[in-house]
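*Asks:* For reference, the structure I am asking about is given below.
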Amino acid sequence: MGILELEALNVGYGSRAIVRELHLEVAQGEMVALLGPSGGGKTSILKTIAGLLPPLSGTIRINGQMVNQVAAEKREVVLIFQKPLLFPFLDVGENIGFGLRMQGIHGARAAREIAEMAELTGLGGLERRKIQQLSGGQQQRVALARGLVLRPSLLLLDEPLSNLDPDLRQQMRELIQAVCRQTRTTTLFVSHDQSEALMLSDRVALLLGGSIRQLGTPRELFYRPADREVAAFFGCSNLLEGVIMDRHFSCAGLPLALPLPSTQPSAQVEGKRCIVAIRPEQIELAGGGADTLTARVESLSFEGALTRLEVRLGSCRLTVLSPHPGPSPGSDVQLAIPASAIHVLPCP
Amino acid sequence: MSGRRFLGLAILLLVLLPFVPLLLWSVSEQWFYPGLLPQKFGLRSWSYIFSTASSQIAGGLVQSIGLSGVTTCLSLLIGIPAGRALGLYSFAGKRLIALLLLLPVIVPPLCVSMGLHLWFIRLGLAETFFGVVLVHLSFCLPYTIFVLWGVFADYNPEFEEQARCLGAGRLQTLVRVTLPFIFPGLCLAALFSFLLSWSQYLSTLIIGGGKLLTLPILLFSLMDSGDRPVAAAVSLLFVLPALLVLLANGRLLGRQGLSGVR
């Protein structure tokens, strides 16, 4: 059972606020990601919620109780740091059972819970191993087990995957998701890696410049960014400024007006100047036809699954991510921009 | 014989060789030049220690252990927070503090003791147990702080934050997390402190004013009296506790701190 509410929380050191006026609610069993560039104060937010750093102002509520004055060890909040921070003088089982021991739980009951959690995190049979004998991935799993065995109201994860190799990262990601869902643990985690945040979480809060810029489901943030910086953070570099007339977007450099998607309510945007975001991978390279646009390839870089093309269309420059590695620089390509690819940013 | 065993033997010989004459002196009753060995063996000196002067020697032993023990505890009690502050935080005047800490080590103990004596008389600390503890501390504390400074420079306080998140209170965090981490360094600091205080003669004599009869004070007076066999026996007795502390420490460190990763 765990509900977290943050109200007007200011986080920082001394008198200097790094994060200002933070409002966030995390529901029971929900998994929310705090996404943002490194050095944006994400870890400080977690430390403040965990009680390791006093908030400058604002309220932290857990299960409806204000916990601002509650000591870290009494908050039932477990923060798992970026590094596993396992105690080297304890073995795997003792590390997992550390928190139980602090609560005075010993003997058969502790042993049973440790064994259960070790099994759940894929560490069964390793309880008597020394920490130094574990691989990086196993150490991270011990850290996770050590936190979850306490059945915390709230689990806070600080970049849980960033120290791992790519394939371990995938395994660990699935493990965290499975274990947190199974134990119905409310989780708030911090990441600078957008794919990590989008994959793991039910909702994402994007933290830019010390405040939450957008809060929503992963799909909302990715396909319906609130402003140009959110769009840019998710790699959407095609931002065109123009006017909306008669449910069509036209822009000075663009030879053709683009129809808006049917999901776009027209009332607020009709006749106004706005910015339109088009995700680069939603622009298609077509064979030619009525609604296609001819563009010239200026440069091209092969990135594996997709090829990044910088194209010039009239006086506009667009980035296209295409699965076809075919075109060469200087050649002309036909682009199709489906209506569903067009997202009108809310007008200021 | 392999090189490693040869080296071990050589080190052992170097350590033990000085004790051979002491041992011989302590069991001799007549030993005149040019005899390589004593002309007459006997246990006169040992019986002197264990029966004739046993109460005096035992008193000195208790006094020495008490003094060194209290000094060690106090120097750890002050040294741990000081070392932690110096190792973990950066603040103005850190270099100055390092210099000031080295001063008692650089300045000859005679000067320190003579200078402090005057003050201690005024403060009523001269010829008291606590006064002697204080002057011993002035020599022990720099070593303790330097050792623990090094320990805390390699210490990650995030482990404590992690422990608190896992439900450990402040005291539990100290006992279950901080102490195990710094234990090897703590042993080393305690060893330095104990041995340094154990072997103090001049400062004990000056500040204690002859009221505190520690083992070194007794030893010097016995050497003065020219009874070599007894002085040798007391010397051996004097080395024994120090040797025990050293061995215990070696065992503890061997188990934890010195077992490197590579």
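So you can find residues: chains in the structure tokens are A, B, ... in the order shown, residues in each start at 1, and ligands are numbered from 1 in order.
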Can you tell me which residues surround segment 106-119 of chain B at a distance of at most 12 Å, considering only C-alpha atoms, apart from same-chain residues fewer than 5 positions away, and format the answer as a PyMOL selection string?
*Replies:* chain B and resi 99-101+124-128+131-132+134-140+142+196+200-209
*Asks:* Using only C-alpha atoms, tabulate the residues of chain B lying at most 9 Å from any atom of chain A, each with its closest atom pair and that distance in Å to one decimal, by chain and increasing residue number, as a Markdown table.
*Replies:*
```
| residue | atom | partner | partner_atom | distance |
| --- | --- | --- | --- | --- |
| B:Glu158 | CA | A:Leu85 | CA | 7.6 |
| B:Phe159 | CA | A:Leu85 | CA | 6.0 |
| B:Glu161 | CA | A:Leu52 | CA | 6.8 |
| B:Gln162 | CA | A:Leu79 | CA | 7.1 |
| B:Ala163 | CA | A:Gly99 | CA | 7.8 |
| B:Arg164 | CA | A:Glu73 | CA | 5.0 |
| B:Cys165 | CA | A:Val78 | CA | 5.1 |
| B:Leu166 | CA | A:Gly99 | CA | 4.9 |
| B:Gly167 | CA | A:Glu73 | CA | 4.0 |
| B:Ala168 | CA | A:Met102 | CA | 5.5 |
| B:Gly169 | CA | A:Glu73 | CA | 6.0 |
| B:Arg170 | CA | A:Glu73 | CA | 8.8 |
| B:Gln172 | CA | A:Met102 | CA | 7.4 |
| B:Val177 | CA | A:Phe87 | CA | 7.6 |
| B:Pro180 | CA | A:Phe89 | CA | 7.2 |
| B:Phe181 | CA | A:Phe89 | CA | 7.9 |
| B:Gln256 | CA | A:Phe89 | CA | 8.8 |
| B:Val261 | CA | A:Gln132 | CA | 8.6 |
```
*Asks:* The selected residues should be written to file as a compact mmCIF listing (two decimals), in the first residue's frame (atoms: C-alpha atoms).
*Replies:*
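Saved as result23.txt:
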```txt
# COMPACT_ATOMS: atom_id res chain seq x y z
CA GLU B 158 26.16 6.75 0.71
CA PHE B 159 26.35 3.39 2.48
CA GLU B 161 22.17 6.73 3.59
CA GLN B 162 21.37 3.34 2.11
CA ALA B 163 21.25 1.80 5.58
CA ARG B 164 18.90 4.52 6.83
CA CYS B 165 16.58 3.92 3.89
CA LEU B 166 16.52 0.26 4.87
CA GLY B 167 15.23 1.20 8.30
CA ALA B 168 18.42 1.53 10.35
CA GLY B 169 18.38 4.25 13.01
CA ARG B 170 21.39 6.47 13.62
CA GLN B 172 22.23 1.06 14.23
CA VAL B 177 27.58 -0.01 8.83
CA PRO B 180 32.50 -2.45 10.15
CA PHE B 181 33.71 -0.28 7.26
CA GLN B 256 39.86 -8.03 6.99
CA VAL B 261 41.21 -7.77 -3.91
```
*Asks:* When you look at Leu123 of chain A with a cut-off of 9 Å (counting only C-alpha atoms), what residues show up, excluding the ones that are within fewer than 6 positions of it in the same chain? I need them as a CSV table (one decimal) with N, CA and C atoms, in the first residue's frame.
*Replies:*
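Below is the file part-v4.csv, written as the result:
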```
chain,number,residue,atom,x,y,z
A,92,VAL,N,25.4,-12.5,0.7
A,92,VAL,CA,24.2,-12.1,-0.1
A,92,VAL,C,23.0,-12.2,0.8
A,115,ALA,N,14.8,-16.0,1.5
A,115,ALA,CA,14.8,-17.1,0.5
A,115,ALA,C,13.8,-16.8,-0.6
A,117,MET,N,12.5,-13.8,-1.5
A,117,MET,CA,12.9,-12.7,-2.3
A,117,MET,C,14.1,-13.0,-3.2
A,138,GLN,N,24.2,-9.3,-10.8
A,138,GLN,CA,23.8,-10.0,-9.6
A,138,GLN,C,23.8,-9.0,-8.4
A,141,ARG,N,20.8,-6.9,-8.5
A,141,ARG,CA,19.6,-7.7,-8.1
A,141,ARG,C,19.6,-7.9,-6.6
A,142,VAL,N,20.7,-8.0,-6.0
A,142,VAL,CA,20.8,-8.1,-4.5
A,142,VAL,C,20.2,-6.8,-3.9
A,145,ALA,N,16.5,-6.8,-4.2
A,145,ALA,CA,15.9,-7.7,-3.3
A,145,ALA,C,16.0,-7.2,-1.9
```
*Asks:* Pick out each residue of segment 15-233 of chain B that DSSP on the backbone tags as strand (DSSP E); I need them as a VMD selection string.
*Replies:* chain B and resid 28 to 30 40 to 41
*Asks:* Suppose you want the space between atom CA of Ser197 of chain B and atom CA of Phe50 of chain B; what is it in Å?
*Replies:*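 Atom-to-atom, atom CA of Ser197 of chain B and atom CA of Phe50 of chain B are spaced 24.7 Å apart.
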*Asks:* Using only C-alpha atoms, which of the listed residues (A:Asn63, A:Val230, A:Glu7, A:Glu174) sits closest to Leu208 of chain A?
*Replies:* A:Val230
*Asks:* List every residue of segment 188-321 of chain A that DSSP, applied to the backbone, labels as helix (DSSP H, G or I), and write the result as an NGL selection string.
*Replies:* :A and (194-200 or 218-223 or 228-233 or 280-282)
*Asks:* Could you dump the residues just selected with N, CA and C atoms as an mmCIF file, in the first residue's frame?
*Replies:*
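Written out: out-v7.cif:
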```
data_model
loop_
_atom_site.group_PDB
_atom_site.id
_atom_site.type_symbol
_atom_site.label_atom_id
_atom_site.label_comp_id
_atom_site.auth_asym_id
_atom_site.auth_seq_id
_atom_site.Cartn_x
_atom_site.Cartn_y
_atom_site.Cartn_z
ATOM 1 N N GLN A 194 15.685 7.859 -22.181
ATOM 2 C CA GLN A 194 14.262 7.913 -22.504
ATOM 3 C C GLN A 194 13.673 6.540 -22.778
ATOM 4 N N SER A 195 14.441 5.643 -23.420
ATOM 5 C CA SER A 195 13.837 4.353 -23.734
ATOM 6 C C SER A 195 13.560 3.568 -22.452
ATOM 7 N N GLU A 196 14.459 3.719 -21.466
ATOM 8 C CA GLU A 196 14.266 3.066 -20.175
ATOM 9 C C GLU A 196 12.971 3.560 -19.526
ATOM 10 N N ALA A 197 12.810 4.875 -19.521
ATOM 11 C CA ALA A 197 11.637 5.472 -18.884
ATOM 12 C C ALA A 197 10.359 5.085 -19.617
ATOM 13 N N LEU A 198 10.402 5.134 -20.954
ATOM 14 C CA LEU A 198 9.198 4.860 -21.727
ATOM 15 C C LEU A 198 8.773 3.402 -21.578
ATOM 16 N N MET A 199 9.753 2.511 -21.505
ATOM 17 C CA MET A 199 9.444 1.090 -21.436
ATOM 18 C C MET A 199 8.922 0.670 -20.074
ATOM 19 N N LEU A 200 9.536 1.206 -19.013
ATOM 20 C CA LEU A 200 9.241 0.696 -17.673
ATOM 21 C C LEU A 200 7.990 1.292 -17.061
ATOM 22 N N PRO A 218 3.697 7.333 -21.434
ATOM 23 C CA PRO A 218 4.835 7.376 -22.359
ATOM 24 C C PRO A 218 4.428 7.789 -23.776
ATOM 25 N N ARG A 219 3.284 7.269 -24.262
ATOM 26 C CA ARG A 219 2.850 7.604 -25.619
ATOM 27 C C ARG A 219 2.512 9.090 -25.764
ATOM 28 N N GLU A 220 1.864 9.630 -24.738
ATOM 29 C CA GLU A 220 1.512 11.053 -24.796
ATOM 30 C C GLU A 220 2.772 11.911 -24.927
ATOM 31 N N LEU A 221 3.761 11.625 -24.099
ATOM 32 C CA LEU A 221 4.967 12.446 -24.135
ATOM 33 C C LEU A 221 5.690 12.299 -25.462
ATOM 34 N N PHE A 222 5.654 11.078 -25.969
ATOM 35 C CA PHE A 222 6.428 10.817 -27.183
ATOM 36 C C PHE A 222 5.735 11.402 -28.410
ATOM 37 N N TYR A 223 4.428 11.179 -28.518
ATOM 38 C CA TYR A 223 3.722 11.605 -29.733
ATOM 39 C C TYR A 223 3.009 12.944 -29.599
ATOM 40 N N ARG A 228 8.127 22.711 -27.582
ATOM 41 C CA ARG A 228 9.213 22.329 -28.473
ATOM 42 C C ARG A 228 10.369 21.674 -27.738
ATOM 43 N N GLU A 229 10.581 22.062 -26.473
ATOM 44 C CA GLU A 229 11.689 21.431 -25.742
ATOM 45 C C GLU A 229 11.403 19.972 -25.405
ATOM 46 N N VAL A 230 10.140 19.692 -25.070
ATOM 47 C CA VAL A 230 9.776 18.296 -24.825
ATOM 48 C C VAL A 230 9.952 17.504 -26.118
ATOM 49 N N ALA A 231 9.479 18.087 -27.214
ATOM 50 C CA ALA A 231 9.611 17.424 -28.510
ATOM 51 C C ALA A 231 11.076 17.170 -28.828
ATOM 52 N N ALA A 232 11.895 18.189 -28.595
ATOM 53 C CA ALA A 232 13.322 18.045 -28.895
ATOM 54 C C ALA A 232 13.965 16.990 -28.006
ATOM 55 N N PHE A 233 13.536 16.910 -26.721
ATOM 56 C CA PHE A 233 14.119 15.918 -25.820
ATOM 57 C C PHE A 233 13.891 14.515 -26.351
ATOM 58 N N PRO A 280 10.366 12.255 -36.992
ATOM 59 C CA PRO A 280 11.145 11.909 -38.182
ATOM 60 C C PRO A 280 10.877 10.497 -38.698
ATOM 61 N N GLU A 281 10.534 9.556 -37.777
ATOM 62 C CA GLU A 281 10.329 8.187 -38.283
ATOM 63 C C GLU A 281 8.931 7.995 -38.854
ATOM 64 N N GLN A 282 8.060 9.034 -38.728
ATOM 65 C CA GLN A 282 6.713 8.891 -39.277
ATOM 66 C C GLN A 282 6.613 9.455 -40.688
#
```
*Asks:* Between atom CA of His192 of chain A and atom CA of Val19 of chain A, what distance in Å does the model show, to one decimal?
*Replies:*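 Spanning atom CA of His192 of chain A to atom CA of Val19 of chain A is a straight-line distance of 15.8 Å.
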*Asks:* Quick one: everything within 12 Å of Ala242 of chain B, counting only C-alpha atoms, minus sequence neighbours fewer than 3 positions away in the same chain. Send it as a list in words.
*Replies:*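 Here the qualifying residues turn out to be Leu61, Ser64, Ile65, Ser68, Gly69, Ala190, Leu191, Phe192, Ser193, Phe194, Leu195, Leu196, Ser197, Trp198, Ser199, Leu215, Ser235, Leu236, Leu237, Phe238, Val239, Val245, Leu246, Leu247, Ala248 and Asn249 of chain B.
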*Asks:* Which value, in Å to one decimal, gives the distance between atom CA of Leu22 of chain B and atom CA of Ala232 of chain B?
*Replies:* 5.2 Å
*Asks:* What's around segment 64-69 of chain A at 12 Å? Count only C-alpha atoms, leave out sequence neighbours fewer than 5 positions away in its own chain, and write the answer as a PyMOL selection string.
*Replies:* chain A and resi 1-7+9+25-28+48-59+74-77+153
*Asks:* Restricting it to C-alpha atoms, dump the selection as a PDB file, in the first residue's frame.
*Replies:*
```pdb
ATOM      1  CA  MET A   1       0.000   0.000   0.000  1.00  0.00           C
ATOM      2  CA  GLY A   2       1.590   3.241  -1.018  1.00  0.00           C
ATOM      3  CA  ILE A   3       0.455   6.577  -2.409  1.00  0.00           C
ATOM      4  CA  LEU A   4       2.879   9.432  -2.846  1.00  0.00           C
ATOM      5  CA  GLU A   5       1.856  13.068  -3.137  1.00  0.00           C
ATOM      6  CA  LEU A   6       4.269  15.910  -3.628  1.00  0.00           C
ATOM      7  CA  GLU A   7       2.947  19.441  -3.286  1.00  0.00           C
ATOM      8  CA  LEU A   9       8.100  20.767  -3.308  1.00  0.00           C
ATOM      9  CA  GLU A  25       1.030  12.120  -7.414  1.00  0.00           C
ATOM     10  CA  VAL A  26       1.877   8.467  -7.697  1.00  0.00           C
ATOM     11  CA  ALA A  27      -1.019   6.055  -7.224  1.00  0.00           C
ATOM     12  CA  GLN A  28      -0.943   2.687  -5.479  1.00  0.00           C
ATOM     13  CA  THR A  48      14.259  14.393  -0.393  1.00  0.00           C
ATOM     14  CA  ILE A  49      11.360  11.944  -0.644  1.00  0.00           C
ATOM     15  CA  ALA A  50      13.423   9.305   1.178  1.00  0.00           C
ATOM     16  CA  GLY A  51      14.189  11.758   3.977  1.00  0.00           C
ATOM     17  CA  LEU A  52      17.928  11.988   3.370  1.00  0.00           C
ATOM     18  CA  LEU A  53      17.715  15.609   2.296  1.00  0.00           C
ATOM     19  CA  PRO A  54      15.378  18.113   3.942  1.00  0.00           C
ATOM     20  CA  PRO A  55      13.012  19.844   1.500  1.00  0.00           C
ATOM     21  CA  LEU A  56      13.447  23.607   1.164  1.00  0.00           C
ATOM     22  CA  SER A  57       9.666  23.956   1.249  1.00  0.00           C
ATOM     23  CA  GLY A  58       6.544  22.098   0.234  1.00  0.00           C
ATOM     24  CA  THR A  59       4.863  18.932   1.394  1.00  0.00           C
ATOM     25  CA  LYS A  74      10.676   5.469   9.657  1.00  0.00           C
ATOM     26  CA  ARG A  75       9.235   6.489   6.269  1.00  0.00           C
ATOM     27  CA  GLU A  76       8.874   2.975   4.827  1.00  0.00           C
ATOM     28  CA  VAL A  77      10.471   4.353   1.710  1.00  0.00           C
ATOM     29  CA  SER A 153       5.183   1.749   0.790  1.00  0.00           C
TER      30      SER A 153
END
```
